[in-house]
Each structure stands twice: as C-alpha cells, then as structure tokens.
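Have a look at the structure below before the remarks.
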Amino acid sequence: MAGGRSQSPLTPNQPTQKGPDCIAASGPFPFEESEPMETCLWHSSHDPDLTRDTVRSGFHLGTRAQAEMRRPGGHLYLVKLKSGVRPKRMKDKPDWDRRTISRWSRRAKLVVYLNRYEGIPVESLPAAIKHDGASDAIFARHVAGSEDSYIVLDPDIIESIHRFDRNERPSL
C-alpha cells in the first residue's frame with residue numbers, strides 16, 4: 001500500500017520475519033512467556049548500552065540481515081514495540097535526514113517501507129539494479145531478500161530493547 005495509508009497494527013502474532021533469526025518466547029530474552037514473540041525487529045548500533053531512554057526519533061528497525069549490513073560489527077539489539085501501533089507505508093528514501101524524519105513524525109509514530117538497500121543478498125543485486133525504478137510490488141516480486149524496514153518516529157512506542165550477542169543463534 002502506498003501513499004501513507006495505515007497498515008494493520010503490529011501484534012505479537014503478526015511476524016515481520018520468520019525463520020532462524022526469530023526466537024520463541026521461551027528464549028533468553030526478557031519477554032513474557034505467555035506472549036508468542038514472533039515479531040523480530042532488529043537494530044545495530046555502535047552504542048553498547050542502547051536503552052529506551054537513549055533512542056531518538058528516526059530509529060531504524062528491520063530484519064537481522066538489514067541490521068548487520070547497516071552497522072557491520074555493531075551491537076545487535078532485538079526491539080519489541082508496543083502492540084497496536086499502526087505503521088504508515090511510504091516509499092524508501094536513500095537519505096533519512098532530520099527534515100524527512102521531522103515531517104513524517106507529524107503524521108505517524110512508525111513508518112514502514114520496502115527496503116531496497118540493506119539486507120539484500122549479493123546474488124540479488126543485479127535484479128535490484130534492474131528493477132530500481134519499479135514500484136515496490138514489482139521490486140519485491142523480482143528481488144529475492146527485499147524486506148520491509150521500519151522507522152520509529154515516536155520512541156514511546158518501544159516497549160523493550162535487548163542487546164543480543166552476535167555469536168548467539170536464536171532458536172525456535
């Protein structure tokens with residue numbers, strides 16, 4: 001959906017990513033066991049002590065592959081958003097400057113977009129270049145590994161942040 005229309009609210013039962021990078025609620029993270037935590041939102045930062053209190057508007061979340069590509073060698077964080085947040089869909093911007101973030105923060109607490117850059121496997125780069133000017137739907141259909149990313153515009157929607165050891169492999 002384009003044009004900033006609202007998406008369904010994010011809930012613990014609505015995964016943004018499934019597979020080996022997701023964890024079950026019984027994993028070593030501070031989420032309630034009764035809550036099926038399948039929504040995996042990752043962030044990578046040079047900051048070793050990222051907390052809800054230190055996050056600013058413009059905080060990027062996405063798949064683990066996107067986080068690792070954005071900050072190679074950075075500290076990985078698993079981020080849980082409060083349930084019921086409705087992201088607004090927008091087109092990817094190569095430059096998320098303060099003006100863009102400020103403008104969008106007046107319309108939404110969270111935006112989602114198809115990430116055309118981070119997390120795409122090397123073997124998909126020729127298809128990404130070929131379909132760079134295409135709509136998101138066509139790009140996603142032809143470029144393996146293209147996934148949604150999120151920009152948190154209101155840090156109050158973050159419920160918790162947990163630092164994750166890069167050598168640790170989550171299990172389902």
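Residue numbers start at 1 in each chain; chains themselves are named A, B, ... in the order of the structure tokens; ligands are numbered from 1 in the order shown.
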
Kindly provide the residues of range 88-144 of chain A that approach range 59-63 of chain A to within 12 Å, each paired with its closest atom pair and their distance in Å to one decimal, based on only C-alpha atoms, listed by chain and increasing number, as a Markdown table.
```
| residue | atom | partner | partner_atom | distance |
| --- | --- | --- | --- | --- |
| A:Trp96 | CA | A:His60 | CA | 9.8 |
| A:Asp97 | CA | A:Phe59 | CA | 11.7 |
| A:Arg98 | CA | A:Phe59 | CA | 11.5 |
| A:Ile101 | CA | A:Phe59 | CA | 9.7 |
| A:Ser105 | CA | A:Phe59 | CA | 11.7 |
| A:Lys109 | CA | A:Phe59 | CA | 11.1 |
| A:Leu110 | CA | A:Phe59 | CA | 9.6 |
| A:Val111 | CA | A:His60 | CA | 9.8 |
| A:Val112 | CA | A:Leu61 | CA | 9.4 |
| A:Tyr113 | CA | A:Gly62 | CA | 9.9 |
| A:Leu114 | CA | A:Gly62 | CA | 10.1 |
| A:Asn115 | CA | A:Gly62 | CA | 8.7 |
| A:Tyr117 | CA | A:Gly62 | CA | 11.8 |
| A:Glu118 | CA | A:Gly62 | CA | 9.2 |
| A:Gly119 | CA | A:Thr63 | CA | 7.4 |
| A:Ile120 | CA | A:Thr63 | CA | 10.5 |
```

task: Would you return as an MDAnalysis selection string the members of range 64-162 of chain A that DSSP assigns to alpha helix (DSSP H) on this structure's backbone?
output: chainID A and resid 64:70 98:105 125:130 136:142

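Among the candidate residues A:Arg56, A:Lys91, A:His162, A:Arg86, the one lying nearest to Ala134 in chain A is A:Lys91, with distances computed using only C-alpha atoms.
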
Using 10 Å as the limit and counting only C-alpha atoms, can you tabulate each residue of range 69-138 of chain A that touches range 47-54 of chain A, with its shortest atom-to-atom distance in Å and the two atoms involved, as a Markdown table?
```
| residue | atom | partner | partner_atom | distance |
| --- | --- | --- | --- | --- |
| A:Gly74 | CA | A:Asp47 | CA | 7.8 |
| A:His75 | CA | A:Pro48 | CA | 6.1 |
| A:Leu76 | CA | A:Pro48 | CA | 8.9 |
| A:Tyr77 | CA | A:Leu50 | CA | 8.1 |
| A:Val79 | CA | A:Arg52 | CA | 9.5 |
```

task: Name the closest residue to His43 in chain A among the candidates A:Leu78, A:Ala65, A:Met90, A:Ile157; distances are taken between atoms, counting only C-alpha atoms.
output: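 Ranked by minimum distance to His43 in chain A, first place goes to A:Leu78.
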
task: Find the distance between CA of Gly145 in chain A and CA of Pro72 in chain A and write it in Å to one decimal.
output: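 Going from CA of Gly145 in chain A over to CA of Pro72 in chain A, I get 18.1 Å.
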
- request: Identify all residues of range 99-172 of chain A in strand (DSSP E) (DSSP on the backbone) and supply them as an MDAnalysis selection string.
  value: chainID A and resid 110:115 147:152 158:164

query: Quick one: distance from CA of Pro87 in chain A to CA of Ala108 in chain A in Å, one decimal?
result: 7.0 Å

field: Residues within 12 Å of Glu123 in chain A, only C-alpha atoms, excluding chain neighbours under 4 positions, as a ChimeraX atom specification
entry: /A:119,127-129,143-146

Mind dumping the selected residues with N, CA and C atoms as a PDB file, in the first residue's frame?
```
ATOM      1  N   GLY A 119      20.287  -5.543   3.531  1.00  0.00           N
ATOM      2  CA  GLY A 119      19.800  -6.905   3.736  1.00  0.00           C
ATOM      3  C   GLY A 119      19.598  -7.719   2.473  1.00  0.00           C
ATOM      4  N   ALA A 127      19.292  -8.023  -9.973  1.00  0.00           N
ATOM      5  CA  ALA A 127      17.840  -7.807 -10.073  1.00  0.00           C
ATOM      6  C   ALA A 127      17.449  -6.489  -9.412  1.00  0.00           C
ATOM      7  N   ALA A 128      18.101  -6.132  -8.298  1.00  0.00           N
ATOM      8  CA  ALA A 128      17.802  -4.866  -7.615  1.00  0.00           C
ATOM      9  C   ALA A 128      18.145  -3.677  -8.508  1.00  0.00           C
ATOM     10  N   ILE A 129      19.266  -3.760  -9.192  1.00  0.00           N
ATOM     11  CA  ILE A 129      19.659  -2.676 -10.097  1.00  0.00           C
ATOM     12  C   ILE A 129      18.680  -2.590 -11.270  1.00  0.00           C
ATOM     13  N   VAL A 143      13.065  -9.198  -6.637  1.00  0.00           N
ATOM     14  CA  VAL A 143      14.331  -9.103  -5.897  1.00  0.00           C
ATOM     15  C   VAL A 143      14.235  -9.939  -4.620  1.00  0.00           C
ATOM     16  N   ALA A 144      14.844 -11.116  -4.679  1.00  0.00           N
ATOM     17  CA  ALA A 144      14.850 -12.010  -3.511  1.00  0.00           C
ATOM     18  C   ALA A 144      15.563 -11.334  -2.346  1.00  0.00           C
ATOM     19  N   GLY A 145      14.983 -11.438  -1.173  1.00  0.00           N
ATOM     20  CA  GLY A 145      15.598 -10.884   0.024  1.00  0.00           C
ATOM     21  C   GLY A 145      15.186  -9.470   0.363  1.00  0.00           C
ATOM     22  N   SER A 146      14.396  -8.822  -0.497  1.00  0.00           N
ATOM     23  CA  SER A 146      13.946  -7.471  -0.143  1.00  0.00           C
ATOM     24  C   SER A 146      12.851  -7.599   0.913  1.00  0.00           C
TER      25      SER A 146
END
```

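Coordinates place CA of Arg99 in chain A at a distance of 24.2 Å from CA of Asp132 in chain A.
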